[in-house]
$ cat coords_14.cif   # mmCIF, C-alpha atoms
data_protein
#
loop_
_atom_site.label_atom_id
_atom_site.label_comp_id
_atom_site.auth_asym_id
_atom_site.auth_seq_id
_atom_site.Cartn_x
_atom_site.Cartn_y
_atom_site.Cartn_z
CA MET A 1 46.49 100.87 127.28
CA SER A 2 45.63 97.40 125.98
CA PHE A 3 47.38 94.08 126.22
CA ASN A 4 49.16 92.87 123.11
CA MET A 5 46.90 90.23 121.65
CA LYS A 6 47.00 87.54 119.00
CA ILE A 7 43.97 86.06 117.28
CA ILE A 8 44.11 82.31 116.76
CA PRO A 9 41.34 81.05 114.45
CA ARG A 10 39.72 77.66 114.91
CA GLU A 11 41.55 76.31 111.87
CA GLU A 12 44.85 76.74 113.74
CA PHE A 13 43.83 75.11 117.05
CA SER A 14 45.25 71.79 115.91
CA SER A 15 48.71 73.36 115.61
CA HIS A 16 49.03 73.71 119.38
CA PRO A 17 48.59 70.68 121.67
CA LEU A 18 46.72 72.64 124.34
CA LEU A 19 44.27 74.23 121.90
CA THR A 20 43.48 70.90 120.27
CA ARG A 21 41.42 70.24 123.40
CA LEU A 22 38.97 72.93 122.32
CA LEU A 23 38.12 70.74 119.33
CA GLU A 24 36.50 68.27 121.76
CA LEU A 25 33.74 70.77 122.53
CA HIS A 26 30.30 70.62 120.93
CA ASP A 27 30.42 74.41 120.60
CA ILE A 28 33.96 75.06 119.37
CA PRO A 29 35.05 78.72 119.57
CA GLU A 30 35.44 80.44 116.22
CA GLN A 31 38.70 81.91 117.48
CA ILE A 32 40.51 82.73 120.67
CA TYR A 33 42.20 85.97 121.63
CA LEU A 34 45.50 85.46 123.40
CA ALA A 35 47.59 87.83 125.50
CA GLY A 36 50.96 86.44 126.53
CA GLU A 37 52.27 83.09 125.37
CA LEU A 38 50.58 79.72 125.32
CA PRO A 39 52.60 77.27 127.41
CA LYS A 40 54.58 74.59 125.67
CA VAL A 41 52.86 71.31 126.44
CA THR A 42 52.96 67.79 125.10
CA LEU A 43 50.10 65.30 125.13
CA ASP A 44 50.60 61.59 125.74
CA GLU A 45 48.64 58.76 124.12
CA LEU A 46 45.86 59.23 126.70
CA GLY A 47 45.62 62.96 126.03
CA ARG A 48 47.26 63.99 129.31
CA ALA A 49 49.34 67.15 129.20
CA THR A 50 52.86 67.70 130.43
CA PRO A 51 52.95 69.99 132.33
CA ARG A 52 49.59 69.04 133.83
CA ILE A 53 46.91 71.73 133.61
CA LEU A 54 45.17 71.99 136.99
CA THR A 55 42.12 74.23 137.16
CA VAL A 56 41.38 75.64 140.62
CA ILE A 57 38.03 77.42 140.97
CA GLY A 58 35.49 78.42 143.58
CA PRO A 59 33.13 81.18 144.68
CA ARG A 60 33.67 84.90 144.78
CA LYS A 61 32.45 84.89 148.38
CA HIS A 62 34.55 82.27 150.08
CA THR A 63 35.33 81.39 153.67
CA ASN A 64 38.62 81.61 155.55
CA TYR A 65 38.73 77.82 155.26
CA GLY A 66 38.44 78.03 151.47
CA GLU A 67 41.21 80.64 151.30
CA ASP A 68 43.47 78.53 153.48
CA ALA A 69 42.74 75.45 151.38
CA VAL A 70 43.60 77.07 148.05
CA LYS A 71 46.79 78.64 149.42
CA ARG A 72 48.03 75.44 151.04
CA LEU A 73 47.15 73.15 148.15
CA ILE A 74 48.71 75.32 145.44
CA SER A 75 51.76 76.14 147.57
CA SER A 76 52.33 72.39 147.96
CA LEU A 77 52.79 72.18 144.17
CA LYS A 78 55.82 74.47 144.11
CA GLY A 79 58.50 72.87 141.96
CA GLU A 80 56.06 70.42 140.36
CA ASN A 81 55.47 70.29 136.60
CA VAL A 82 52.05 71.90 136.70
CA ILE A 83 50.20 74.96 135.38
CA ILE A 84 47.36 76.55 137.36
CA LEU A 85 44.34 77.66 135.33
CA SER A 86 41.46 79.75 136.65
CA GLY A 87 38.98 82.47 135.73
CA LEU A 88 40.55 85.68 137.15
CA ALA A 89 37.35 86.38 139.12
CA TYR A 90 37.11 87.69 142.65
CA GLY A 91 37.54 85.17 145.43
CA ILE A 92 39.04 81.73 144.91
CA ASP A 93 39.97 82.32 141.25
CA GLY A 94 42.07 85.36 142.05
CA LEU A 95 43.64 83.57 145.01
CA ALA A 96 44.55 80.63 142.79
CA HIS A 97 46.38 82.90 140.36
CA SER A 98 48.13 84.99 143.02
CA THR A 99 49.20 81.93 145.03
CA ALA A 100 50.58 80.31 141.88
CA LEU A 101 52.60 83.45 141.11
CA LYS A 102 53.99 83.61 144.66
CA ASN A 103 55.21 80.04 144.24
CA ASN A 104 56.67 80.57 140.75
CA ILE A 105 54.02 78.37 139.15
CA LEU A 106 52.90 79.32 135.65
CA THR A 107 49.25 80.37 135.53
CA ILE A 108 46.64 80.96 132.82
CA ALA A 109 43.54 83.15 133.23
CA ILE A 110 40.32 82.85 131.23
CA PRO A 111 38.15 85.83 132.21
CA GLY A 112 34.46 86.17 131.43
CA SER A 113 35.11 89.23 129.28
CA GLY A 114 37.20 90.42 126.39
CA LEU A 115 40.87 91.10 127.05
CA ASP A 116 40.99 94.84 126.45
CA GLU A 117 41.90 96.65 129.67
CA LYS A 118 38.80 98.84 129.27
CA VAL A 119 36.50 95.86 129.88
CA LEU A 120 38.68 93.19 131.52
CA TYR A 121 36.68 91.65 134.36
CA PRO A 122 37.06 92.26 137.18
CA LYS A 123 38.71 95.65 136.80
CA ALA A 124 40.31 95.27 140.22
CA HIS A 125 42.37 92.37 138.85
CA ILE A 126 44.05 94.24 136.01
CA ASN A 127 47.33 94.34 137.94
CA LEU A 128 46.98 90.62 138.66
CA ALA A 129 46.50 90.04 134.92
CA LYS A 130 49.65 92.04 134.22
CA ASP A 131 51.57 90.00 136.78
CA ILE A 132 50.39 86.79 135.10
CA LEU A 133 51.75 88.02 131.78
CA GLU A 134 55.01 89.29 133.27
CA LYS A 135 55.62 85.86 134.81
CA GLY A 136 55.20 84.11 131.45
CA GLY A 137 51.52 83.18 131.73
CA ALA A 138 48.63 83.94 129.44
CA LEU A 139 45.15 85.44 129.22
CA ILE A 140 42.67 83.69 126.93
CA SER A 141 39.18 84.65 125.75
CA GLU A 142 36.96 83.71 122.84
CA LEU A 143 35.24 87.10 123.11
CA PRO A 144 36.18 90.11 120.98
CA PRO A 145 38.50 92.37 123.01
CA LEU A 146 35.91 95.04 123.89
CA THR A 147 33.19 92.61 125.02
CA SER A 148 32.09 93.37 128.57
CA ALA A 149 31.30 90.62 131.05
CA ALA A 150 27.61 89.66 131.13
CA GLN A 151 25.49 86.93 132.65
CA TRP A 152 25.87 84.72 129.58
CA THR A 153 29.62 85.11 129.18
CA PHE A 154 30.54 83.13 132.29
CA PRO A 155 28.84 79.80 131.48
CA ALA A 156 30.29 80.08 127.96
CA ARG A 157 33.73 80.73 129.41
CA ASN A 158 33.43 77.74 131.73
CA ARG A 159 33.33 75.24 128.87
CA ILE A 160 36.71 76.54 127.67
CA VAL A 161 38.11 76.24 131.19
CA ALA A 162 36.90 72.64 131.35
CA ALA A 163 38.27 71.74 127.92
CA LEU A 164 41.78 73.06 128.59
CA SER A 165 42.10 71.24 131.92
CA ASP A 166 43.60 67.91 132.88
CA ALA A 167 41.91 68.13 136.25
CA ILE A 168 39.44 70.52 137.89
CA LEU A 169 39.58 71.19 141.62
CA ILE A 170 36.56 72.85 143.24
CA ILE A 171 37.51 74.58 146.49
CA GLU A 172 34.04 75.69 147.63
CA ALA A 173 30.70 75.92 145.85
CA THR A 174 27.08 76.70 146.57
CA ILE A 175 24.49 74.36 145.07
CA LYS A 176 23.99 76.72 142.09
CA SER A 177 27.65 77.62 141.66
CA GLY A 178 29.19 78.16 138.24
CA ALA A 179 32.04 75.96 139.46
CA LEU A 180 29.66 73.01 139.40
CA ILE A 181 28.78 73.82 135.79
CA THR A 182 32.48 73.65 134.99
CA ALA A 183 32.76 70.34 136.86
CA LYS A 184 29.83 68.89 134.90
CA GLN A 185 31.38 69.99 131.61
CA GLY A 186 34.70 68.53 132.72
CA LEU A 187 33.08 65.19 133.51
CA GLU A 188 31.48 65.13 130.06
CA LEU A 189 34.94 65.68 128.55
CA GLY A 190 36.53 62.96 130.67
CA ARG A 191 38.54 65.28 132.91
CA ASP A 192 39.47 64.41 136.48
CA ILE A 193 37.35 66.22 139.06
CA GLY A 194 38.30 66.97 142.66
CA ALA A 195 36.44 68.76 145.44
CA VAL A 196 37.56 69.96 148.85
CA PRO A 197 35.14 68.68 151.51
CA GLY A 198 33.65 71.35 153.72
CA GLU A 199 31.69 71.94 156.89
CA ILE A 200 28.29 70.28 156.51
CA PHE A 201 26.37 73.37 157.67
CA SER A 202 28.19 75.81 155.37
CA GLU A 203 26.31 77.06 152.31
CA VAL A 204 29.52 77.23 150.28
CA SER A 205 30.25 73.56 151.03
CA ILE A 206 26.90 72.20 149.83
CA GLY A 207 28.09 72.07 146.21
CA THR A 208 31.42 70.42 146.91
CA ASN A 209 30.00 67.94 149.43
CA THR A 210 27.23 67.01 146.98
CA LEU A 211 29.80 66.58 144.22
CA ILE A 212 31.85 64.26 146.42
#

$ encode --input "coords_14.cif" --output "structure tokens"
Amino acid sequence: MSFNMKIIPREEFSSHPLLTRLLELHDIPEQIYLAGELPKVTLDELGRATPRILTVIGPRKHTNYGEDAVKRLISSLKGENVIILSGLAYGIDGLAHSTALKNNILTIAIPGSGLDEKVLYPKAHINLAKDILEKGGALISELPPLTSAAQWTFPARNRIVAALSDAILIIEATIKSGALITAKQGLELGRDIGAVPGEIFSEVSIGTNTLI
């Protein structure tokens, strides 16, 4: 079984306020594949979205502190006009999506694979992806539906995550974390960047503490 998908070509990005942000990229996707519905957003004169798009990302191998941080921070946004965006990956990404759903906050996932259920990465999060769609969220990828995740697909995905965001919050990160790549891309695009400070001796806090 596969998710119902739409293909939105680059020529149509300008017809949706959220997708117009992809036109800011140096490497604009040729198209995006969409499962679910894009949220209805408006952009003000400064380019800020309503609802705000908050990206919450971090490592696959996180600490109890990182898990507690993402759960508390996202839970505190219940009832606010915000959408949580993340990458569907193991660890902090999955926690961001699941915590948003538990608090009735709309969430968008951008996996590092195509959107066909045969290849959706990670496979263990297929039910989470279904829950996202059932709660009115969306799955987005620039990759053809049957494209498996590979080493190159994640950095490419990260630029889309950065472009669609109003703000990017890094929960934990090693010094070579992909989350820091997303933060760098977000800074280049003028997005707000946040980082949760961590224990100075923890490997997964080196990236966030350095970023701060």

$ resolve_selection --input "coords_14.cif" --expression "the PyMOL selection byres ((chain A and resi 172-181) around 8)" --output "list in words"
Ile57, Gly58, Pro59, His62, Gly66, Phe154, Pro155, Asn158, Ile170, Ile171, Thr182, Ala183, Lys184, Gln185, Ala195, Val196, Gly198, Glu203, Val204, Ser205, Ile206, Gly207 and Thr208 of chain A

$ residues_near_point --input "coords_14.cif" --point "(39.6, 82.7, 135.1)" --cutoff "8 Å" --atoms "all atoms listed in the file" --output "short mmCIF file (atom, residue, chain, number, x, y, z; two decimals) with C-alpha atoms, in the frame of the given file"
data_model
loop_
_atom_site.label_atom_id
_atom_site.label_comp_id
_atom_site.auth_asym_id
_atom_site.auth_seq_id
_atom_site.Cartn_x
_atom_site.Cartn_y
_atom_site.Cartn_z
CA LEU A 85 44.34 77.66 135.33
CA SER A 86 41.46 79.75 136.65
CA GLY A 87 38.98 82.47 135.73
CA LEU A 88 40.55 85.68 137.15
CA ALA A 89 37.35 86.38 139.12
CA ASP A 93 39.97 82.32 141.25
CA GLY A 94 42.07 85.36 142.05
CA ILE A 108 46.64 80.96 132.82
CA ALA A 109 43.54 83.15 133.23
CA ILE A 110 40.32 82.85 131.23
CA PRO A 111 38.15 85.83 132.21
CA GLY A 112 34.46 86.17 131.43
CA VAL A 161 38.11 76.24 131.19
#

$ closest_residue --input "coords_14.cif" --among "A:Arg159, A:Arg72, A:Lys135, A:Arg21" --to "A:Ala49" --atoms "all atoms listed in the file"
A:Arg21

$ resolve_selection --input "coords_14.cif" --expression "the PyMOL selection byres ((chain A and resi 118) around 8)" --output "ChimeraX atom specification"
/A:2,116-117,119-120,146

$ resolve_selection --input "coords_14.cif" --expression "the PyMOL selection byres ((chain A and resi 3-7) around 6)" --output "ChimeraX atom specification"
/A:2,8,32-35

$ closest_residue --input "coords_14.cif" --among "A:Ile74, A:Ala124, A:Ala129, A:Leu211" --to "A:Asn104" --atoms "all atoms listed in the file"
A:Ile74

$ closest_residue --input "coords_14.cif" --among "A:Glu30, A:Arg191, A:Leu22, A:Ser202" --to "A:Pro9" --atoms "all atoms listed in the file"
A:Glu30

$ residues_around --input "coords_14.cif" --residues "A:Glu188" --least-positions-apart "6" --cutoff "10 Å" --atoms "all atoms listed in the file" --output "PyMOL selection string"
chain A and resi 25+162-163+182

$ atom_distance --input "coords_14.cif" --atom1 "atom CA of A:Arg157" --atom2 "atom CA of A:Pro29"
10.1 Å

$ atom_distance --input "coords_14.cif" --atom1 "atom CA of A:Ile92" --atom2 "atom CA of A:Val70"
7.2 Å

$ atom_distance --input "coords_14.cif" --atom1 "atom CA of A:Lys71" --atom2 "atom CA of A:Glu199"
18.1 Å

$ residues_around --input "coords_14.cif" --residues "A:Leu101" --least-positions-apart "6" --cutoff "9 Å" --atoms "only C-alpha atoms" --output "CSV table (one decimal) with C-alpha atoms, keeping the file's coordinate frame"
chain,number,residue,atom,x,y,z
A,107,THR,CA,49.2,80.4,135.5
A,131,ASP,CA,51.6,90.0,136.8
A,132,ILE,CA,50.4,86.8,135.1
A,135,LYS,CA,55.6,85.9,134.8

$ closest_residue --input "coords_14.cif" --among "A:Leu128, A:Ile160, A:Asn64, A:Gly186" --to "A:Ile140" --atoms "only C-alpha atoms"
A:Ile160

$ residues_around --input "coords_14.cif" --residues "A:Leu18" --least-positions-apart "3" --cutoff "12 Å" --atoms "all atoms listed in the file" --output "VMD selection string"
chain A and resid 12 to 15 21 to 24 37 to 44 47 to 53 83 108 160 to 161 163 to 166

$ residues_around --input "coords_14.cif" --residues "A:Tyr90" --least-positions-apart "5" --cutoff "9 Å" --atoms "only C-alpha atoms" --output "list in words"
Pro59, Arg60, Lys61, Leu95, Pro122, Ala124 and His125 of chain A

$ closest_residue --input "coords_14.cif" --among "A:Thr147, A:Leu46, A:Ile28, A:Val56" --to "A:Gly190" --atoms "only C-alpha atoms"
A:Leu46

$ closest_residue --input "coords_14.cif" --among "A:Lys123, A:His16, A:Lys102, A:His97" --to "A:Gly79" --atoms "only C-alpha atoms"
A:Lys102

$ decode --input "coords_14.cif" --residues "stretch 158-193 of chain A" --atoms "N, CA, C and O atoms" --output "compact mmCIF listing (two decimals), in the first residue's frame"
# COMPACT_ATOMS: atom_id res chain seq x y z
N ASN A 158 17.91 18.30 4.12
CA ASN A 158 18.05 19.33 5.16
C ASN A 158 17.85 20.73 4.63
O ASN A 158 17.37 21.62 5.34
N ARG A 159 18.22 20.99 3.38
CA ARG A 159 18.05 22.34 2.84
C ARG A 159 16.57 22.67 2.69
O ARG A 159 16.16 23.83 2.84
N ILE A 160 15.75 21.65 2.39
CA ILE A 160 14.31 21.86 2.28
C ILE A 160 13.71 22.13 3.65
O ILE A 160 12.86 23.01 3.82
N VAL A 161 14.17 21.38 4.65
CA VAL A 161 13.74 21.61 6.03
C VAL A 161 14.04 23.06 6.42
O VAL A 161 13.18 23.77 6.96
N ALA A 162 15.26 23.50 6.16
CA ALA A 162 15.66 24.86 6.52
C ALA A 162 14.80 25.90 5.81
O ALA A 162 14.35 26.88 6.41
N ALA A 163 14.56 25.70 4.52
CA ALA A 163 13.81 26.68 3.73
C ALA A 163 12.38 26.83 4.21
O ALA A 163 11.84 27.95 4.24
N LEU A 164 11.74 25.75 4.60
CA LEU A 164 10.33 25.80 4.99
C LEU A 164 10.11 26.34 6.40
O LEU A 164 8.98 26.60 6.80
N SER A 165 11.18 26.51 7.15
CA SER A 165 11.07 26.89 8.56
C SER A 165 10.97 28.39 8.77
O SER A 165 11.50 29.19 7.99
N ASP A 166 10.33 28.78 9.87
CA ASP A 166 10.49 30.12 10.42
C ASP A 166 11.64 30.12 11.41
O ASP A 166 12.42 31.06 11.48
N ALA A 167 11.71 29.05 12.20
CA ALA A 167 12.76 28.92 13.20
C ALA A 167 13.17 27.46 13.30
O ALA A 167 12.36 26.56 13.06
N ILE A 168 14.44 27.24 13.63
CA ILE A 168 14.99 25.88 13.75
C ILE A 168 15.54 25.72 15.16
O ILE A 168 16.39 26.51 15.59
N LEU A 169 15.04 24.71 15.86
CA LEU A 169 15.49 24.45 17.23
C LEU A 169 16.26 23.14 17.25
O LEU A 169 15.72 22.09 16.91
N ILE A 170 17.54 23.21 17.64
CA ILE A 170 18.38 22.04 17.75
C ILE A 170 18.35 21.57 19.20
O ILE A 170 18.73 22.31 20.11
N ILE A 171 17.91 20.34 19.42
CA ILE A 171 17.80 19.81 20.78
C ILE A 171 19.15 19.31 21.29
O ILE A 171 19.61 19.69 22.36
N GLU A 172 19.79 18.45 20.54
CA GLU A 172 21.14 17.96 20.84
C GLU A 172 21.84 17.76 19.50
O GLU A 172 21.19 17.56 18.47
N ALA A 173 23.18 17.79 19.54
CA ALA A 173 23.92 17.60 18.29
C ALA A 173 25.39 17.33 18.60
O ALA A 173 25.99 18.02 19.42
N THR A 174 25.94 16.33 17.92
CA THR A 174 27.38 16.14 17.97
C THR A 174 28.03 17.19 17.06
O THR A 174 27.34 17.90 16.32
N ILE A 175 29.33 17.28 17.09
CA ILE A 175 30.02 18.32 16.33
C ILE A 175 29.87 18.12 14.82
O ILE A 175 29.99 19.07 14.04
N LYS A 176 29.59 16.88 14.37
CA LYS A 176 29.42 16.61 12.94
C LYS A 176 27.97 16.27 12.61
O LYS A 176 27.67 15.63 11.61
N SER A 177 27.05 16.73 13.42
CA SER A 177 25.64 16.40 13.26
C SER A 177 25.03 17.04 12.01
O SER A 177 25.34 18.18 11.65
N GLY A 178 24.12 16.30 11.38
CA GLY A 178 23.36 16.86 10.27
C GLY A 178 22.49 18.02 10.71
O GLY A 178 22.15 18.89 9.90
N ALA A 179 22.12 18.04 12.00
CA ALA A 179 21.32 19.15 12.51
C ALA A 179 22.07 20.47 12.38
O ALA A 179 21.47 21.52 12.14
N LEU A 180 23.39 20.43 12.54
CA LEU A 180 24.18 21.65 12.40
C LEU A 180 24.24 22.11 10.95
O LEU A 180 24.34 23.31 10.67
N ILE A 181 24.19 21.15 10.02
CA ILE A 181 24.12 21.51 8.59
C ILE A 181 22.82 22.27 8.33
O ILE A 181 22.80 23.29 7.65
N THR A 182 21.73 21.75 8.91
CA THR A 182 20.43 22.42 8.76
C THR A 182 20.47 23.82 9.36
O THR A 182 19.95 24.77 8.78
N ALA A 183 21.10 23.94 10.55
CA ALA A 183 21.21 25.25 11.19
C ALA A 183 21.99 26.22 10.32
O ALA A 183 21.61 27.39 10.17
N LYS A 184 23.10 25.76 9.74
CA LYS A 184 23.91 26.62 8.87
C LYS A 184 23.10 27.08 7.65
O LYS A 184 23.14 28.26 7.27
N GLN A 185 22.35 26.14 7.06
CA GLN A 185 21.53 26.50 5.91
C GLN A 185 20.44 27.48 6.32
O GLN A 185 20.11 28.42 5.58
N GLY A 186 19.87 27.27 7.52
CA GLY A 186 18.86 28.18 8.02
C GLY A 186 19.41 29.58 8.23
O GLY A 186 18.74 30.58 7.92
N LEU A 187 20.62 29.68 8.77
CA LEU A 187 21.24 30.99 8.97
C LEU A 187 21.44 31.71 7.64
O LEU A 187 21.22 32.91 7.52
N GLU A 188 21.87 30.95 6.62
CA GLU A 188 22.08 31.54 5.29
C GLU A 188 20.78 32.07 4.70
O GLU A 188 20.78 33.02 3.92
N LEU A 189 19.66 31.46 5.10
CA LEU A 189 18.34 31.87 4.60
C LEU A 189 17.68 32.91 5.50
O LEU A 189 16.55 33.33 5.23
N GLY A 190 18.36 33.28 6.58
CA GLY A 190 17.80 34.29 7.48
C GLY A 190 16.79 33.76 8.47
O GLY A 190 16.00 34.53 9.03
N ARG A 191 16.80 32.45 8.73
CA ARG A 191 15.87 31.87 9.69
C ARG A 191 16.41 32.04 11.11
O ARG A 191 17.61 32.15 11.34
N ASP A 192 15.49 32.05 12.07
CA ASP A 192 15.89 32.08 13.48
C ASP A 192 16.40 30.71 13.89
O ASP A 192 15.83 29.68 13.51
N ILE A 193 17.47 30.70 14.68
CA ILE A 193 18.09 29.45 15.12
C ILE A 193 18.11 29.42 16.65
O ILE A 193 18.50 30.39 17.29
